[in-house]
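Engineer: Contents are compact mmCIF, C-alpha atoms; file name model-v7.txt:
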```txt
# COMPACT_ATOMS: atom_id res chain seq x y z
CA MET A 1 93.13 110.61 103.06
CA PHE A 2 90.59 113.33 102.34
CA GLU A 3 91.52 116.95 101.91
CA GLU A 4 89.48 119.99 102.85
CA ASN A 5 88.39 120.55 99.23
CA ASP A 6 86.90 117.02 99.09
CA PHE A 7 84.17 117.93 101.57
CA GLY A 8 80.85 119.32 100.42
CA LYS A 9 80.74 117.42 97.14
CA PRO A 10 80.12 113.85 96.01
CA ILE A 11 82.93 111.32 95.86
CA SER A 12 84.34 110.73 92.39
CA GLU A 13 82.53 108.49 89.93
CA GLN A 14 85.54 106.17 89.86
CA MET A 15 85.63 105.88 93.66
CA SER A 16 81.88 105.21 93.71
CA ALA A 17 82.15 102.45 91.11
CA ILE A 18 85.08 100.76 92.84
CA LEU A 19 83.43 100.90 96.26
CA ARG A 20 80.14 99.56 94.90
CA ARG A 21 81.93 96.72 93.10
CA ASN A 22 83.88 95.67 96.20
CA THR A 23 81.41 96.13 99.07
CA ASP A 24 77.92 94.94 99.85
CA LYS A 25 75.02 95.92 102.10
CA ASP A 26 76.45 93.92 105.01
CA ASP A 27 79.67 95.92 104.81
CA LEU A 28 77.67 99.14 104.89
CA ALA A 29 75.63 97.92 107.87
CA ASN A 30 78.76 96.89 109.79
CA ILE A 31 80.42 100.24 109.14
CA ALA A 32 77.26 102.11 110.12
CA SER A 33 77.20 100.37 113.49
CA ARG A 34 80.91 101.02 114.09
CA THR A 35 80.83 104.70 113.18
CA ASN A 36 77.34 105.86 114.19
CA VAL A 37 76.88 107.14 110.63
CA SER A 38 73.57 105.86 109.32
CA PHE A 39 73.38 103.14 106.70
CA SER A 40 71.35 105.46 104.47
CA THR A 41 73.96 108.23 104.69
CA ILE A 42 76.76 105.85 103.76
CA ARG A 43 74.66 104.47 100.89
CA ASP A 44 73.83 107.97 99.66
CA VAL A 45 77.49 109.03 99.70
CA LEU A 46 78.41 105.77 97.97
CA TYR A 47 75.84 106.39 95.21
CA ARG A 48 76.79 110.08 94.96
CA THR A 49 73.37 111.41 96.00
CA ASN A 50 74.89 112.91 99.14
CA SER A 51 78.13 114.83 99.60
CA LEU A 52 81.15 113.81 101.60
CA THR A 53 81.34 115.61 104.95
CA LYS A 54 83.80 115.55 107.81
CA THR A 55 81.19 113.61 109.80
CA ASN A 56 80.55 110.85 107.24
CA SER A 57 84.15 110.70 106.00
CA ARG A 58 85.13 108.33 108.82
CA ALA A 59 82.59 105.80 107.52
CA ILE A 60 83.77 106.29 103.94
CA ARG A 61 87.38 105.74 105.02
CA LEU A 62 86.37 102.43 106.59
CA LEU A 63 84.40 101.58 103.45
CA ILE A 64 87.52 102.19 101.35
CA ARG A 65 89.57 99.91 103.61
CA THR A 66 86.86 97.24 103.45
CA ALA A 67 86.69 97.48 99.65
CA PHE A 68 90.47 97.14 99.48
CA GLU A 69 90.42 94.01 101.65
CA ASN A 70 87.45 92.57 99.74
CA SER A 71 89.19 93.13 96.42
CA PHE A 72 92.08 90.91 97.56
CA ALA A 73 89.66 88.21 98.69
CA LYS A 74 87.88 88.34 95.33
CA GLN A 75 91.19 88.16 93.51
CA LEU A 76 92.27 85.06 95.45
CA GLN A 77 88.90 83.44 94.89
CA ALA A 78 89.04 84.21 91.16
CA GLU A 79 92.52 82.71 90.88
CA GLY A 80 91.33 79.51 92.55
CA ASP A 81 88.28 79.43 90.29
CA LYS A 82 90.49 79.81 87.21
CA LEU A 83 92.68 76.90 88.29
CA PHE A 84 89.64 74.69 88.85
CA LEU A 85 88.04 75.65 85.55
CA ASP A 86 91.32 75.24 83.68
CA GLN A 87 91.64 71.68 85.00
CA PHE A 88 88.07 70.98 83.93
CA LEU A 89 88.71 72.33 80.43
CA GLN A 90 91.94 70.36 80.09
CA TYR A 91 90.12 67.17 81.10
CA GLU A 92 87.37 67.98 78.59
CA ASN A 93 89.97 68.42 75.83
CA LEU A 94 91.51 65.02 76.66
CA GLU A 95 88.12 63.32 76.35
CA ARG A 96 87.79 64.54 72.76
CA PHE A 97 90.82 62.56 71.60
```
What do you get writing this file as C-alpha cells?
Structural biologist:
Amino acid sequence: MFEENDFGKPISEQMSAILRRNTDKDDLANIASRTNVSFSTIRDVLYRTNSLTKTNSRAIRLLIRTAFENSFAKQLQAEGDKLFLDQFLQYENLERF
C-alpha cells in the first residue's frame, strides 16, 4: 500500500480529508489499541502534523480500511434517508392539492 518514498512525509491532503470525513475518534482509539500506535500519533498523522513512518503505517492502513468500510455504511444510510425524505416530500405535495 505504501511505498518507501511515502515514509518521512505527511500523508496527502486528499487522503487526510477523506480519512477525517469517514472516521471518528472511536475509530482512532480502536486502532490505537489494536496496533500499539498511540492515539495522538494516529491523530497527528491524520491531520498532517506528523509524518508517515514504517511504525505508524500499520495504524494508518487500518484507518484507511475503516474509512472505506464506514463510507459504505454512510452511503447506505444516506440512500435510506433519501427514500424516507422523498416519501415525506411526495406526501407533502399531495396535501397541497
Engineer: Given the choices A:Glu92, A:Asp81, A:Asp44, A:Glu69, which gets closest to Ile11 of chain A if the distance is worked out from all atoms listed in the file?
Structural biologist: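 Nearest candidate to Ile11 of chain A out of A:Glu92, A:Asp81, A:Asp44, A:Glu69: A:Asp44.
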Engineer: Mind checking which residues fall within 10 Å of Glu4 of chain A, counting all atoms listed in the file, ignoring those fewer than 4 positions away in the same chain, and posting them as a list in words?
Structural biologist: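 Skipping anything fewer than 4 positions along the chain leaves Gly8, Thr53 and Lys54 of chain A.
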Engineer: When you look at Ser57 of chain A with a cut-off of 10 Å (counting all atoms listed in the file), what residues show up, excluding the ones that are within fewer than 3 positions of it in the same chain? I need them as a PyMOL selection string.
Structural biologist: chain A and resi 1-2+6-7+35+37+42+45+51-54+60-63
Engineer: Would you list the contacts of Phe39 of chain A as a list in words, taking every protein, DNA or RNA residue within 9 Å and counting only C-alpha atoms, but skipping same-chain residues closer than 3 positions in sequence?
Structural biologist: Lys25, Leu28, Ala29, Asn30, Ile31, Ala32, Ser33, Asn36, Ile42, Arg43 and Asp44 of chain A
Engineer: Centre and edge lengths, as lines of an AutoDock Vina configuration file, for the axis-aligned box enclosing every listed atom of segment 25-31 of chain A with 5 Å of padding on each of the six sides, in Å to one decimal?
Structural biologist:
```
center_x = 77.7
center_y = 97.1
center_z = 105.9
size_x = 15.4
size_y = 16.3
size_z = 17.7
```
Engineer: Choose the residue, out of A:Gln87, A:Asn5, A:Gln14, A:Asn22, that has the smallest atom-to-atom separation from Ala67 of chain A; count all atoms listed in the file.
Structural biologist: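 Closest to Ala67 of chain A of all the choices is A:Asn22.
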Engineer: Just give me the gap between atom CA of Asn56 of chain A and atom CA of Thr23 of chain A in Å, one decimal is fine.
Structural biologist: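 Computing it gives 16.9 Å between the two atoms.
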Engineer: Tell me, in Å to one decimal, how far atom CA of Pro10 of chain A is from atom CA of Thr41 of chain A.
Structural biologist: 12.0 Å
Engineer: Hey, which of A:Ser38, A:Thr55, A:Gln77, A:Thr66 ends up closest to Arg21 of chain A? Count only C-alpha atoms.
Structural biologist: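 Checking each candidate against Arg21 of chain A, we get A:Thr66 as the closest.
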Engineer: To one decimal in Å, tell me the separation between atom CA of Arg20 of chain A and atom CA of Arg58 of chain A.
Structural biologist: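 Atom CA of Arg58 of chain A lies 17.2 Å from atom CA of Arg20 of chain A.
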Engineer: Rank nothing, just name the residue among A:Ser12, A:Asn93, A:Ile64, A:Asn70 nearest to Arg48 of chain A, using all atoms listed in the file.
Structural biologist: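 Residue with the minimum atom-to-atom distance to Arg48 of chain A: A:Ser12.
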Engineer: Save chain A to a file: C-alpha atoms, as a compact mmCIF listing (two decimals), in the first residue's frame.
Structural biologist:
```txt
# COMPACT_ATOMS: atom_id res chain seq x y z
CA MET A 1 0.00 0.00 0.00
CA PHE A 2 2.73 2.45 0.98
CA GLU A 3 5.99 2.74 -0.87
CA GLU A 4 9.38 3.62 0.54
CA ASN A 5 9.12 7.22 -0.72
CA ASP A 6 5.87 7.72 1.25
CA PHE A 7 7.68 7.50 4.57
CA GLY A 8 9.11 10.56 6.25
CA LYS A 9 6.46 12.98 4.99
CA PRO A 10 2.82 13.74 5.72
CA ILE A 11 0.04 11.84 4.00
CA SER A 12 -1.57 13.68 1.10
CA GLU A 13 -4.15 16.40 1.73
CA GLN A 14 -6.74 14.36 -0.15
CA MET A 15 -6.06 11.24 1.94
CA SER A 16 -6.26 13.32 5.13
CA ALA A 17 -9.60 14.85 4.14
CA ILE A 18 -11.12 11.51 3.17
CA LEU A 19 -9.94 9.78 6.33
CA ARG A 20 -11.19 12.62 8.53
CA ARG A 21 -14.58 12.60 6.79
CA ASN A 22 -15.02 8.84 7.20
CA THR A 23 -13.57 8.08 10.64
CA ASP A 24 -14.12 9.36 14.15
CA LYS A 25 -12.27 9.42 17.47
CA ASP A 26 -13.62 5.99 18.41
CA ASP A 27 -12.12 4.52 15.25
CA LEU A 28 -8.78 6.09 16.12
CA ALA A 29 -8.96 4.75 19.68
CA ASN A 30 -9.82 1.24 18.49
CA ILE A 31 -6.96 1.23 16.00
CA ALA A 32 -4.56 2.58 18.61
CA SER A 33 -5.37 -0.29 20.94
CA ARG A 34 -5.01 -2.87 18.15
CA THR A 35 -1.70 -1.59 16.83
CA ASN A 36 0.07 -0.17 19.89
CA VAL A 37 0.45 3.10 17.99
CA SER A 38 -0.73 5.93 20.22
CA PHE A 39 -3.98 7.74 19.58
CA SER A 40 -2.09 11.03 19.40
CA THR A 41 0.33 9.70 16.78
CA ILE A 42 -2.52 8.45 14.61
CA ARG A 43 -4.32 11.78 15.03
CA ASP A 44 -1.18 13.74 14.17
CA VAL A 45 -0.57 11.69 11.02
CA LEU A 46 -4.24 12.07 10.11
CA TYR A 47 -4.06 15.87 10.49
CA ARG A 48 -0.69 16.02 8.70
CA THR A 49 1.25 17.40 11.70
CA ASN A 50 3.31 14.21 11.85
CA SER A 51 4.90 12.20 9.06
CA LEU A 52 4.08 8.68 7.99
CA THR A 53 6.64 6.15 9.25
CA LYS A 54 7.03 2.43 8.88
CA THR A 55 5.96 2.12 12.53
CA ASN A 56 2.74 4.14 12.30
CA SER A 57 1.87 2.98 8.77
CA ARG A 58 0.19 -0.17 10.12
CA ALA A 59 -2.27 2.01 12.04
CA ILE A 60 -2.84 4.23 9.00
CA ARG A 61 -3.51 1.16 6.84
CA LEU A 62 -6.18 0.05 9.32
CA LEU A 63 -7.57 3.59 9.36
CA ILE A 64 -7.87 3.50 5.56
CA ARG A 65 -9.73 0.17 5.73
CA THR A 66 -12.02 1.53 8.44
CA ALA A 67 -12.73 4.69 6.42
CA PHE A 68 -13.54 2.54 3.39
CA GLU A 69 -15.99 0.42 5.39
CA ASN A 70 -17.52 3.48 7.05
CA SER A 71 -18.02 5.17 3.69
CA PHE A 72 -20.20 2.25 2.55
CA ALA A 73 -22.22 2.40 5.76
CA LYS A 74 -22.75 6.14 5.30
CA GLN A 75 -23.76 5.60 1.68
CA LEU A 76 -26.37 3.00 2.63
CA GLN A 77 -27.68 5.21 5.41
CA ALA A 78 -27.90 8.20 3.05
CA GLU A 79 -29.81 6.15 0.48
CA GLY A 80 -32.33 5.09 3.13
CA ASP A 81 -32.62 8.68 4.33
CA LYS A 82 -33.29 9.87 0.78
CA LEU A 83 -36.06 7.31 0.33
CA PHE A 84 -37.69 8.35 3.59
CA LEU A 85 -37.43 12.06 2.82
CA ASP A 86 -38.67 11.55 -0.73
CA GLN A 87 -41.80 9.82 0.60
CA PHE A 88 -42.33 12.68 3.03
CA LEU A 89 -41.99 15.27 0.25
CA GLN A 90 -44.34 13.36 -2.04
CA TYR A 91 -46.94 13.19 0.74
CA GLU A 92 -46.49 16.92 1.36
CA ASN A 93 -47.06 17.64 -2.35
CA LEU A 94 -50.29 15.59 -2.30
CA GLU A 95 -51.61 17.61 0.64
CA ARG A 96 -51.31 20.82 -1.36
CA PHE A 97 -53.86 19.68 -3.95
```
